[in-house]
file data.txt (compact mmCIF, C-alpha atoms and all ligand atoms)
# COMPACT_ATOMS: atom_id res chain seq x y z
CA MET A 1292 -6.94 37.86 -105.11
CA LYS A 1293 -9.00 39.39 -107.90
CA LYS A 1294 -11.03 36.98 -110.02
CA ARG A 1295 -9.07 37.92 -113.15
CA ASP A 1296 -5.75 37.18 -111.39
CA PHE A 1297 -7.12 33.91 -110.09
CA LEU A 1298 -8.12 32.87 -113.60
CA LYS A 1299 -4.69 33.84 -114.94
CA THR A 1300 -3.04 31.77 -112.23
CA SER A 1301 -5.23 28.78 -112.91
CA VAL A 1302 -4.54 28.97 -116.65
CA ALA A 1303 -0.80 29.08 -115.98
CA ALA A 1304 -1.13 26.13 -113.61
CA ALA A 1305 -2.94 24.19 -116.31
CA SER A 1306 0.19 24.09 -118.43
CA THR A 1307 2.45 22.75 -115.71
CA VAL A 1308 2.52 19.70 -113.50
CA LEU A 1309 1.20 20.45 -110.04
CA LEU A 1310 3.39 19.58 -107.11
CA PRO A 1311 2.04 16.44 -105.50
CA SER A 1312 0.96 17.62 -102.08
CA SER A 1313 0.98 14.10 -100.64
CA LEU A 1314 4.76 13.96 -100.84
CA PHE A 1315 4.97 16.79 -98.37
CA ALA A 1316 2.44 15.38 -95.91
CA ASN A 1317 5.11 14.23 -93.46
CA VAL A 1318 7.57 17.05 -93.98
CA GLN A 1319 7.11 19.41 -91.06
CA GLY A 1320 9.15 22.38 -89.86
CA ASP A 1321 12.50 22.64 -91.59
CA LYS A 1322 12.74 18.92 -92.37
CA ARG A 1323 13.77 18.13 -95.92
CA LEU A 1324 12.28 15.59 -98.32
CA ARG A 1325 14.68 13.18 -100.01
CA THR A 1326 13.16 11.86 -103.23
CA ALA A 1327 13.92 8.88 -105.46
CA HIS A 1328 12.65 9.01 -109.05
CA ILE A 1329 11.94 5.91 -111.14
CA GLY A 1330 11.67 6.86 -114.84
CA VAL A 1331 13.16 10.31 -115.54
CA GLY A 1332 12.55 10.75 -119.28
CA GLY A 1333 9.25 12.00 -120.77
CA MET A 1334 6.76 12.74 -118.00
CA GLY A 1335 9.33 11.63 -115.44
CA ALA A 1336 11.51 14.59 -116.43
CA ALA A 1337 8.54 16.93 -115.94
CA ASP A 1338 7.77 15.35 -112.55
CA LEU A 1339 11.41 15.68 -111.56
CA ASN A 1340 11.51 19.37 -112.53
CA SER A 1341 8.29 20.08 -110.75
CA ILE A 1342 9.06 18.25 -107.52
CA SER A 1343 12.67 19.43 -107.31
CA SER A 1344 11.50 23.04 -107.67
CA HIS A 1345 10.31 22.86 -104.05
CA ALA A 1346 12.85 24.52 -101.76
CA ARG A 1347 12.90 21.64 -99.26
CA VAL A 1348 13.34 18.78 -101.72
CA ASP A 1349 16.65 16.97 -102.16
CA VAL A 1350 16.65 14.75 -105.22
CA THR A 1351 18.64 11.85 -103.79
CA ALA A 1352 18.30 8.99 -106.27
CA LEU A 1353 17.51 8.71 -109.97
CA CYS A 1354 16.67 5.53 -111.85
CA ASP A 1355 16.13 4.96 -115.56
CA VAL A 1356 16.72 2.05 -117.92
CA ASP A 1357 17.73 4.49 -120.66
CA ALA A 1358 21.21 5.81 -119.89
CA ASN A 1359 20.62 8.94 -121.99
CA ASN A 1360 17.59 9.97 -119.94
CA LEU A 1361 19.44 9.15 -116.74
CA ALA A 1362 22.43 11.26 -117.79
CA ALA A 1363 20.18 14.22 -118.62
CA ALA A 1364 18.56 14.04 -115.18
CA LYS A 1365 21.92 13.63 -113.45
CA LEU A 1366 23.17 16.80 -115.15
CA LYS A 1367 20.44 18.74 -113.35
CA HIS A 1368 20.89 16.86 -110.08
CA PRO A 1369 24.59 16.05 -109.80
CA ASN A 1370 24.36 15.00 -106.14
CA ALA A 1371 21.82 12.26 -106.83
CA LYS A 1372 22.96 8.64 -107.03
CA THR A 1373 22.00 6.93 -110.29
CA PHE A 1374 20.68 3.44 -110.99
CA SER A 1375 19.23 1.49 -113.90
CA ASP A 1376 17.36 -1.08 -111.77
CA TYR A 1377 14.80 0.24 -109.30
CA ARG A 1378 15.11 -2.91 -107.19
CA VAL A 1379 18.80 -2.20 -106.66
CA MET A 1380 18.07 1.47 -105.98
CA LEU A 1381 15.39 0.81 -103.36
CA GLU A 1382 17.57 -1.75 -101.57
CA ALA A 1383 20.64 0.49 -101.60
CA MET A 1384 18.88 3.78 -100.80
CA GLN A 1385 16.15 2.63 -98.41
CA ASN A 1386 17.62 4.57 -95.47
CA GLU A 1387 18.40 7.68 -97.51
CA ILE A 1388 15.07 8.41 -99.20
CA ASP A 1389 11.69 9.58 -97.90
CA ALA A 1390 9.45 9.27 -100.98
CA VAL A 1391 9.40 7.58 -104.38
CA ILE A 1392 8.08 8.95 -107.66
CA VAL A 1393 7.12 6.41 -110.35
CA SER A 1394 6.89 7.81 -113.91
CA THR A 1395 7.61 4.72 -115.99
CA PRO A 1396 5.42 3.08 -118.65
CA ASP A 1397 2.16 1.74 -117.20
CA HIS A 1398 3.18 -1.93 -116.92
CA THR A 1399 5.92 -0.99 -114.43
CA HIS A 1400 3.77 1.22 -112.18
CA ALA A 1401 2.53 -1.55 -109.89
CA PRO A 1402 5.76 -3.56 -109.52
CA ALA A 1403 7.83 -0.44 -108.77
CA SER A 1404 5.23 1.19 -106.49
CA ILE A 1405 4.49 -1.98 -104.52
CA LEU A 1406 8.19 -2.59 -103.94
CA ALA A 1407 8.67 1.03 -102.83
CA MET A 1408 5.75 0.61 -100.40
CA ASP A 1409 7.33 -2.61 -99.14
CA TYR A 1410 10.20 -0.37 -98.09
CA ASN A 1411 7.62 1.86 -96.33
CA LYS A 1412 7.99 4.71 -98.78
CA PRO A 1413 5.12 7.05 -99.73
CA VAL A 1414 4.63 6.89 -103.50
CA TYR A 1415 3.57 9.40 -106.13
CA CYS A 1416 2.73 7.31 -109.19
CA GLN A 1417 1.75 8.61 -112.61
CA LYS A 1418 -1.64 7.91 -114.12
CA PRO A 1419 -3.10 5.51 -115.09
CA LEU A 1420 -2.42 4.03 -111.67
CA ALA A 1421 -1.60 0.62 -113.10
CA HIS A 1422 -1.88 -1.61 -116.10
CA HIS A 1423 -4.57 -3.89 -114.70
CA VAL A 1424 -7.33 -3.40 -112.16
CA SER A 1425 -5.97 -6.30 -110.04
CA GLU A 1426 -2.71 -4.33 -109.67
CA VAL A 1427 -4.63 -1.25 -108.56
CA ARG A 1428 -6.36 -3.29 -105.87
CA GLU A 1429 -3.04 -4.67 -104.63
CA MET A 1430 -1.50 -1.17 -104.59
CA ARG A 1431 -4.39 0.12 -102.51
CA ARG A 1432 -4.20 -2.87 -100.17
CA LYS A 1433 -0.47 -2.33 -99.70
CA ALA A 1434 -0.84 1.41 -99.04
CA GLU A 1435 -3.53 0.71 -96.43
CA GLU A 1436 -1.56 -2.10 -94.81
CA LYS A 1437 1.51 0.13 -94.51
CA ASN A 1438 -0.50 3.25 -93.69
CA LEU A 1439 1.32 5.21 -96.38
CA VAL A 1440 0.42 8.49 -98.03
CA THR A 1441 0.11 7.96 -101.79
CA GLN A 1442 -1.05 9.98 -104.78
CA MET A 1443 -1.68 9.37 -108.46
CA GLY A 1444 -0.34 11.90 -110.97
CA ILE A 1445 -3.59 13.33 -112.27
CA GLN A 1446 -3.09 17.08 -112.11
CA VAL A 1447 -6.45 17.93 -113.73
CA HIS A 1448 -8.03 17.00 -110.41
CA SER A 1449 -6.57 20.19 -108.93
CA PHE A 1450 -7.52 22.53 -111.76
CA TYR A 1451 -10.02 25.35 -111.69
CA ASP A 1452 -12.15 23.60 -114.37
CA TYR A 1453 -12.57 20.55 -112.17
CA LYS A 1454 -13.72 22.63 -109.21
CA LEU A 1455 -16.08 24.75 -111.29
CA ALA A 1456 -17.59 21.79 -113.11
CA THR A 1457 -18.14 19.98 -109.82
CA LEU A 1458 -19.77 23.08 -108.38
CA LEU A 1459 -22.05 23.47 -111.40
CA ILE A 1460 -23.22 19.90 -111.13
CA GLN A 1461 -23.43 19.44 -107.38
CA SER A 1462 -25.13 22.74 -106.66
CA GLY A 1463 -27.88 21.79 -109.10
CA ILE A 1464 -27.29 24.79 -111.39
CA ILE A 1465 -27.50 22.71 -114.57
CA GLY A 1466 -30.04 20.24 -113.28
CA LYS A 1467 -29.74 16.47 -113.38
CA VAL A 1468 -27.31 15.27 -116.01
CA GLU A 1469 -28.66 12.84 -118.57
CA THR A 1470 -25.61 12.23 -120.75
CA VAL A 1471 -21.87 12.62 -120.52
CA ARG A 1472 -20.09 12.66 -123.85
CA ALA A 1473 -16.34 12.35 -123.46
CA TRP A 1474 -13.76 12.05 -126.20
CA SER A 1475 -10.17 12.42 -127.31
CA PRO A 1476 -9.01 12.84 -130.89
CA LYS A 1477 -5.68 11.32 -129.86
CA ASN A 1478 -4.86 7.88 -131.16
CA TRP A 1479 -2.95 5.68 -128.77
CA GLY A 1480 -4.18 2.54 -130.55
CA TYR A 1481 -2.58 0.35 -133.20
CA ASP A 1482 -4.53 -1.66 -135.77
CA GLY A 1483 -1.44 -2.94 -137.63
CA PRO A 1484 0.09 -6.40 -137.52
CA VAL A 1485 2.05 -7.86 -134.61
CA ALA A 1486 5.64 -6.58 -134.66
CA LYS A 1487 7.91 -9.17 -136.27
CA GLY A 1488 11.72 -9.54 -136.39
CA SER A 1489 14.10 -7.55 -134.24
CA ASP A 1490 16.24 -4.44 -134.29
CA SER A 1491 19.43 -4.00 -132.37
CA VAL A 1492 18.82 -2.60 -128.92
CA PRO A 1493 20.18 0.97 -128.57
CA GLU A 1494 23.36 1.03 -126.52
CA SER A 1495 21.75 3.35 -124.01
CA LEU A 1496 18.78 1.06 -123.29
CA ASP A 1497 18.56 -1.93 -120.93
CA TRP A 1498 15.79 -3.73 -122.81
CA ASN A 1499 15.48 -6.53 -120.26
CA LEU A 1500 14.84 -4.04 -117.44
CA TRP A 1501 12.46 -2.04 -119.65
CA LEU A 1502 10.38 -5.20 -120.21
CA GLY A 1503 10.38 -5.79 -116.47
CA THR A 1504 7.54 -8.15 -115.54
CA ALA A 1505 6.26 -8.39 -119.16
CA ALA A 1506 6.99 -11.43 -121.34
CA GLU A 1507 10.29 -11.37 -123.21
CA ARG A 1508 10.34 -10.32 -126.83
CA PRO A 1509 12.83 -8.82 -129.27
CA PHE A 1510 13.34 -5.08 -129.36
CA LYS A 1511 11.78 -3.18 -132.30
CA GLU A 1512 12.45 0.45 -133.03
CA LYS A 1513 9.51 2.86 -132.74
CA VAL A 1514 7.23 0.11 -131.46
CA TYR A 1515 7.83 0.21 -127.70
CA HIS A 1516 10.28 2.74 -126.27
CA PRO A 1517 9.69 5.62 -125.83
CA ALA A 1518 5.97 6.41 -125.56
CA ASN A 1519 4.57 4.00 -128.21
CA TRP A 1520 4.15 1.23 -125.60
CA ARG A 1521 0.82 3.03 -124.83
CA LYS A 1522 -0.69 1.51 -127.96
CA LEU A 1523 0.05 -2.07 -126.92
CA VAL A 1524 -1.97 -4.28 -124.62
CA ASP A 1525 1.04 -5.73 -122.77
CA PHE A 1526 2.34 -2.33 -121.67
CA GLY A 1527 -0.18 0.52 -121.86
CA CYS A 1528 -3.90 1.18 -121.68
CA GLY A 1529 -4.73 2.64 -125.13
CA THR A 1530 -6.30 6.05 -125.66
CA LEU A 1531 -9.04 5.44 -123.13
CA GLY A 1532 -6.54 4.58 -120.38
CA ASP A 1533 -4.13 7.32 -121.35
CA MET A 1534 -6.48 10.26 -121.91
CA GLY A 1535 -9.76 9.00 -120.46
CA VAL A 1536 -8.17 8.82 -117.05
CA HIS A 1537 -7.85 12.63 -117.11
CA ILE A 1538 -11.05 13.38 -118.98
CA PHE A 1539 -13.33 11.06 -117.01
CA ASP A 1540 -12.13 12.33 -113.69
CA THR A 1541 -14.29 15.44 -113.38
CA PRO A 1542 -17.73 14.17 -114.43
CA TYR A 1543 -17.20 10.74 -112.85
CA ASN A 1544 -16.48 12.21 -109.44
CA ALA A 1545 -18.82 15.18 -109.69
CA LEU A 1546 -21.74 12.90 -110.59
CA ALA A 1547 -20.83 10.53 -107.73
CA LEU A 1548 -20.88 7.53 -110.06
CA ASP A 1549 -20.07 3.96 -109.07
CA VAL A 1550 -19.09 1.09 -111.36
CA PRO A 1551 -20.93 0.95 -114.72
CA THR A 1552 -23.89 -1.41 -115.07
CA THR A 1553 -23.10 -2.14 -118.75
CA ILE A 1554 -20.23 -1.29 -121.10
CA LYS A 1555 -20.44 -1.73 -124.86
CA ASN A 1556 -17.54 -0.88 -127.18
CA ASN A 1557 -18.18 -0.55 -130.88
CA CYS A 1558 -14.65 -1.26 -132.13
CA ARG A 1559 -12.66 -3.89 -134.00
CA ARG A 1560 -12.10 -7.30 -132.43
CA PRO A 1561 -9.19 -7.69 -130.00
CA ASN A 1562 -5.96 -9.06 -131.56
CA GLY A 1563 -3.88 -9.41 -128.42
CA PHE A 1564 -1.26 -6.90 -129.60
CA GLY A 1565 -2.48 -3.32 -130.17
CA TYR A 1566 -5.49 -1.49 -128.79
CA PRO A 1567 -8.16 -0.53 -131.35
CA GLU A 1568 -7.52 2.81 -133.04
CA ASN A 1569 -11.17 3.85 -132.92
CA ASN A 1570 -13.39 3.22 -129.96
CA ASN A 1571 -16.97 4.20 -129.35
CA VAL A 1572 -17.96 3.08 -125.89
CA THR A 1573 -21.35 3.41 -124.21
CA TYR A 1574 -21.59 2.96 -120.47
CA THR A 1575 -24.73 2.84 -118.40
CA PHE A 1576 -24.67 3.55 -114.68
CA LYS A 1577 -27.12 3.37 -111.84
CA GLY A 1578 -28.49 6.93 -111.51
CA THR A 1579 -27.28 9.14 -108.67
CA LYS A 1580 -28.75 12.27 -107.14
CA TYR A 1581 -26.93 14.31 -109.79
CA THR A 1582 -28.10 12.25 -112.79
CA THR A 1583 -31.33 11.17 -114.39
CA ASP A 1584 -32.31 7.52 -113.88
CA ASP A 1585 -31.57 6.68 -117.53
CA PHE A 1586 -28.15 8.38 -117.41
CA LYS A 1587 -25.58 7.21 -119.95
CA TRP A 1588 -21.97 8.00 -120.80
CA VAL A 1589 -20.43 7.87 -124.26
CA TRP A 1590 -16.71 7.85 -125.05
CA TYR A 1591 -15.11 8.01 -128.45
CA ASP A 1592 -11.52 8.39 -129.55
CA GLY A 1593 -9.26 8.39 -132.58
CA LYS A 1594 -10.43 9.57 -135.97
CA GLY A 1595 -14.10 9.43 -135.01
CA ALA A 1596 -13.66 12.03 -132.28
CA PRO A 1597 -14.03 15.78 -132.85
CA SER A 1598 -10.67 17.46 -133.18
CA SER A 1599 -11.81 20.57 -131.38
CA ASN A 1600 -14.46 21.64 -128.92
CA LYS A 1601 -15.16 24.56 -131.27
CA GLY A 1602 -17.26 22.12 -133.29
CA ILE A 1603 -19.78 21.81 -130.52
CA LYS A 1604 -22.72 23.95 -131.59
CA ALA A 1605 -25.62 25.05 -129.47
CA SER A 1606 -27.95 23.30 -131.89
CA GLU A 1607 -26.24 20.00 -131.16
CA GLN A 1608 -26.44 20.46 -127.45
CA GLY A 1609 -29.70 22.25 -126.90
CA LYS A 1610 -29.57 25.64 -125.21
CA THR A 1611 -25.89 25.85 -124.41
CA SER A 1612 -24.34 28.45 -122.17
CA PHE A 1613 -20.68 29.28 -121.98
CA THR A 1614 -18.38 30.27 -119.21
CA ARG A 1615 -14.63 30.82 -119.33
CA ARG A 1616 -12.50 29.07 -121.92
CA HIS A 1617 -13.21 25.47 -121.27
CA VAL A 1618 -16.38 25.00 -119.35
CA TYR A 1619 -19.70 24.95 -121.11
CA TRP A 1620 -22.98 23.67 -119.92
CA GLY A 1621 -26.27 22.88 -121.47
CA LYS A 1622 -29.27 24.41 -119.77
CA GLY A 1623 -30.87 21.12 -120.62
CA LYS A 1624 -29.21 18.06 -119.30
CA THR A 1625 -25.91 17.72 -121.08
CA PHE A 1626 -22.73 18.97 -119.53
CA ILE A 1627 -19.72 19.96 -121.60
CA THR A 1628 -16.21 20.91 -120.71
CA SER A 1629 -12.79 20.38 -122.22
CA PHE A 1630 -9.43 19.26 -120.99
CA TYR A 1631 -7.23 22.26 -120.18
CA GLY A 1632 -6.82 23.99 -123.47
CA ASP A 1633 -6.17 21.06 -125.76
CA PRO A 1634 -8.86 19.98 -128.20
CA THR A 1635 -10.02 17.12 -126.02
CA ALA A 1636 -13.44 17.68 -124.62
CA TYR A 1637 -16.31 16.02 -122.89
CA CYS A 1638 -19.86 16.93 -122.60
N1 LIG A 1701 -0.08 13.27 -115.84
C1 LIG A 1701 0.15 13.52 -117.13
O1 LIG A 1701 -0.33 14.53 -117.68
C2 LIG A 1701 1.02 12.58 -117.90
C3 LIG A 1701 1.52 13.01 -119.15
C4 LIG A 1701 2.35 12.12 -119.85
C5 LIG A 1701 2.61 10.85 -119.32
N2 LIG A 1701 2.07 10.47 -118.14
C6 LIG A 1701 2.33 9.12 -117.60
O2 LIG A 1701 3.71 9.03 -117.29
C7 LIG A 1701 4.16 7.70 -117.54
C8 LIG A 1701 5.35 7.74 -118.48
O3 LIG A 1701 4.92 8.20 -119.74
P1 LIG A 1701 5.96 8.85 -120.77
O4 LIG A 1701 5.17 9.47 -121.83
O5 LIG A 1701 6.92 9.71 -120.01
O6 LIG A 1701 6.71 7.54 -121.31
P2 LIG A 1701 8.17 7.46 -121.98
O7 LIG A 1701 8.27 6.13 -122.60
O8 LIG A 1701 8.38 8.68 -122.83
O9 LIG A 1701 9.15 7.61 -120.75
C9 LIG A 1701 9.24 6.62 -119.75
C10 LIG A 1701 10.56 6.78 -119.02
O10 LIG A 1701 10.67 5.71 -118.07
C11 LIG A 1701 11.88 4.99 -118.32
N3 LIG A 1701 11.68 3.60 -117.93
C12 LIG A 1701 11.03 2.62 -118.60
N4 LIG A 1701 11.03 1.49 -117.88
C13 LIG A 1701 11.70 1.76 -116.73
C14 LIG A 1701 12.05 1.00 -115.59
N5 LIG A 1701 11.71 -0.30 -115.47
N6 LIG A 1701 12.76 1.59 -114.61
C15 LIG A 1701 13.14 2.90 -114.72
N7 LIG A 1701 12.84 3.67 -115.78
C16 LIG A 1701 12.12 3.11 -116.76
C17 LIG A 1701 12.14 5.19 -119.80
O11 LIG A 1701 13.48 4.94 -120.15
C18 LIG A 1701 11.76 6.66 -119.97
O12 LIG A 1701 12.79 7.50 -119.54
C19 LIG A 1701 2.97 6.93 -118.11
O13 LIG A 1701 2.36 6.17 -117.12
C20 LIG A 1701 2.04 8.02 -118.60
O14 LIG A 1701 0.68 7.65 -118.56
C21 LIG A 1701 1.30 11.32 -117.42
call {"tool": "encode", "arguments": {"input": "data.txt", "output": "structure tokens"}}
result
Amino acid sequence: MKKRDFLKTSVAAASTVLLPSSLFANVQGDKRLRTAHIGVGGMGAADLNSISSHARVDVTALCDVDANNLAAAKLKHPNAKTFSDYRVMLEAMQNEIDAVIVSTPDHTHAPASILAMDYNKPVYCQKPLAHHVSEVREMRRKAEEKNLVTQMGIQVHSFYDYKLATLLIQSGIIGKVETVRAWSPKNWGYDGPVAKGSDSVPESLDWNLWLGTAAERPFKEKVYHPANWRKLVDFGCGTLGDMGVHIFDTPYNALALDVPTTIKNNCRRPNGFGYPENNNVTYTFKGTKYTTDDFKWVWYDGKGAPSSNKGIKASEQGKTSFTRRHVYWGKGKTFITSFYGDPTAYC
């Protein structure tokens, strides 16, 4: 393939969800893969489209607590059985499915994935892997105990930018990295007051099942479902958990980092309800062979973050070189790249 064609292909791939290869690990010869999908609105609909586009996939079961989203998915997959409770689905369908896809809000990732693994099903679970690090550890323990193939939905990991950035760092082309600056202008925080009162639950929504393992509370429009749960500590992971999980992936892995030595967030005080709308976090790490010894990592999000990587000037970054759309590097020690075409960037 010519380089230009390869670049075109990788740009096209950047705008779609990549098929999770792990799901197909055990599908040999002409065997078919029967999938069960938990959460089929929002990203779940994209996952469903992507996975079902494979010629050997049979979408066998669909589950969503919002009857409208379930009905839309069923229209595309009329042979699939539908459920509103994933516990009921897994029990009923355990002998008819080969893999489970979890694309629900973050607080349901671990309960749904762990139960699916209890039924010995390989799981493809959306990022961030879970709502709390203790859940991540339990998910990993379960996958190892059951010897299951699993994958997190973090498509950036397969992109051209990731590979190129890793190559630039690990081959020593840009020298040892001193600073990573990572940011997102998105705001998945909420500095307002705790939601009070209640609104009537939409007829299509099973609010009790949506809450799942979270504490009970009244339904409020536009506060939780859909998507806004990200802003709230009981359900999501804020901007850092939502976007950072993509953006951190490349430099974190390429630099072979381990856990941070210190983390300092310059943000408002926690209020137990919403995540801060503006974060400015500095991490220090033990140096690796790809970093200087005094290496540090800075994250900022919300209004304080640049809205576009176009604002990054050579004068800010030292002698900056440029390659392709989204990968830049400083000939000095700072590395810059951005997140597939949107204004998010890190450096
Ligand atoms: N990889 C990516 O680029 C990417 C992009 C967007 C979202 N995501 C991830 O996908 C997940 C979903 O995000 P979203 O934006 O689609 O949220 P959303 O709120 O828009 O959609 C969630 C869907 O799950 C359903 N749902 C909620 N609780 C459920 C339950 N207990 N059982 C079954 N269905 C349930 C909802 O009704 C809805 O259809 C999140 O973890 C998010 O981080 C990943």
call {"tool": "residues_near_ligand", "arguments": {"input": "data.txt", "ligand": "ligand LIG 1701 (chain A)", "cutoff": "6 Å", "atoms": "all atoms listed in the file", "output": "ChimeraX atom specification"}}
result
/A:1329-1335,1354-1357,1360,1377,1394-1397,1399,1417-1419,1444-1445,1500-1501,1503,1516-1518,1533
call {"tool": "residues_around", "arguments": {"input": "data.txt", "residues": "A:Val1524", "least_positions_apart": "2", "cutoff": "9 Å", "atoms": "only C-alpha atoms", "output": "count of residues only"}}
result
12
call {"tool": "closest_residue", "arguments": {"input": "data.txt", "among": "A:Leu1523, A:Leu1458, A:Val1393, A:Ala1401", "to": "A:Ala1486", "atoms": "only C-alpha atoms"}}
result
A:Leu1523
call {"tool": "closest_residue", "arguments": {"input": "data.txt", "among": "A:His1423, A:Tyr1581, A:Gly1466, A:Asp1592", "to": "A:Asp1525", "atoms": "only C-alpha atoms"}}
result
A:His1423
call {"tool": "closest_residue", "arguments": {"input": "data.txt", "among": "A:Leu1439, A:Ala1456, A:Ala1371, A:Ala1421", "to": "A:Glu1387", "atoms": "all atoms listed in the file"}}
result
A:Ala1371
call {"tool": "closest_residue", "arguments": {"input": "data.txt", "among": "A:Gly1535, A:Gly1463, A:Pro1413, A:Pro1493", "to": "A:Val1572", "atoms": "only C-alpha atoms"}}
result
A:Gly1535
call {"tool": "closest_residue", "arguments": {"input": "data.txt", "among": "A:Asn1519, A:Thr1457, A:Thr1552, A:Thr1326", "to": "A:Asp1585", "atoms": "all atoms listed in the file"}}
result
A:Thr1552
call {"tool": "closest_residue", "arguments": {"input": "data.txt", "among": "A:Ala1403, A:Ser1495, A:Ala1336, A:Ile1342", "to": "A:Glu1426", "atoms": "all atoms listed in the file"}}
result
A:Ala1403
call {"tool": "residues_around", "arguments": {"input": "data.txt", "residues": "A:Leu1353", "least_positions_apart": "4", "cutoff": "10 Å", "atoms": "all atoms listed in the file", "output": "mmCIF file with C-alpha atoms, keeping the file's coordinate frame"}}
result
data_model
loop_
_atom_site.group_PDB
_atom_site.id
_atom_site.type_symbol
_atom_site.label_atom_id
_atom_site.label_comp_id
_atom_site.auth_asym_id
_atom_site.auth_seq_id
_atom_site.Cartn_x
_atom_site.Cartn_y
_atom_site.Cartn_z
ATOM 1 C CA THR A 1326 13.160 11.860 -103.230
ATOM 2 C CA ALA A 1327 13.920 8.880 -105.460
ATOM 3 C CA HIS A 1328 12.650 9.010 -109.050
ATOM 4 C CA ILE A 1329 11.940 5.910 -111.140
ATOM 5 C CA GLY A 1330 11.670 6.860 -114.840
ATOM 6 C CA VAL A 1331 13.160 10.310 -115.540
ATOM 7 C CA LEU A 1339 11.410 15.680 -111.560
ATOM 8 C CA LEU A 1361 19.440 9.150 -116.740
ATOM 9 C CA ALA A 1362 22.430 11.260 -117.790
ATOM 10 C CA ALA A 1364 18.560 14.040 -115.180
ATOM 11 C CA LYS A 1365 21.920 13.630 -113.450
ATOM 12 C CA HIS A 1368 20.890 16.860 -110.080
ATOM 13 C CA ALA A 1371 21.820 12.260 -106.830
ATOM 14 C CA LYS A 1372 22.960 8.640 -107.030
ATOM 15 C CA THR A 1373 22.000 6.930 -110.290
ATOM 16 C CA PHE A 1374 20.680 3.440 -110.990
ATOM 17 C CA SER A 1375 19.230 1.490 -113.900
ATOM 18 C CA ASP A 1376 17.360 -1.080 -111.770
ATOM 19 C CA TYR A 1377 14.800 0.240 -109.300
ATOM 20 C CA MET A 1380 18.070 1.470 -105.980
ATOM 21 C CA VAL A 1391 9.400 7.580 -104.380
ATOM 22 C CA ILE A 1392 8.080 8.950 -107.660
#
call {"tool": "atom_distance", "arguments": {"input": "data.txt", "atom1": "atom CA of A:Asn1571", "atom2": "atom CA of A:Gly1483"}}
result
19.0 Å
call {"tool": "atom_distance", "arguments": {"input": "data.txt", "atom1": "atom CA of A:Thr1351", "atom2": "atom CA of A:Arg1323"}}
result
11.2 Å
call {"tool": "axis_aligned_box", "arguments": {"input": "data.txt", "around": "stretch 1496-1513 of chain A", "padding_each_side": "3 Å", "output": "AutoDock Vina command-line options"}}
result
--center_x 12.5 --center_y -4.3 --center_z -124.3 --size_x 18.5 --size_y 20.3 --size_z 23.5
call {"tool": "atom_distance", "arguments": {"input": "data.txt", "atom1": "atom CA of A:Arg1472", "atom2": "atom CA of A:His1448"}}
result
18.6 Å
call {"tool": "residues_around", "arguments": {"input": "data.txt", "residues": "stretch 1427-1433 of chain A", "least_positions_apart": "2", "cutoff": "8 Å", "atoms": "only C-alpha atoms", "output": "PyMOL selection string"}}
result
chain A and resi 1401+1404-1405+1408-1409+1420-1421+1423-1425+1435-1437
call {"tool": "write_last_selection", "arguments": {"input": "data.txt", "atoms": "C-alpha atoms", "output": "tab-separated table (two decimals), in the coordinates of the input"}}
result
chain	number	residue	atom	x	y	z
A	1401	ALA	CA	2.53	-1.55	-109.89
A	1404	SER	CA	5.23	1.19	-106.49
A	1405	ILE	CA	4.49	-1.98	-104.52
A	1408	MET	CA	5.75	0.61	-100.40
A	1409	ASP	CA	7.33	-2.61	-99.14
A	1420	LEU	CA	-2.42	4.03	-111.67
A	1421	ALA	CA	-1.60	0.62	-113.10
A	1423	HIS	CA	-4.57	-3.89	-114.70
A	1424	VAL	CA	-7.33	-3.40	-112.16
A	1425	SER	CA	-5.97	-6.30	-110.04
A	1435	GLU	CA	-3.53	0.71	-96.43
A	1436	GLU	CA	-1.56	-2.10	-94.81
A	1437	LYS	CA	1.51	0.13	-94.51
call {"tool": "residues_around", "arguments": {"input": "data.txt", "residues": "A:Lys1594", "least_positions_apart": "4", "cutoff": "9 Å", "atoms": "all atoms listed in the file", "output": "list in words"}}
result
Pro1476, Lys1477, Asn1478, Glu1568, Asn1569 and Ser1598 of chain A
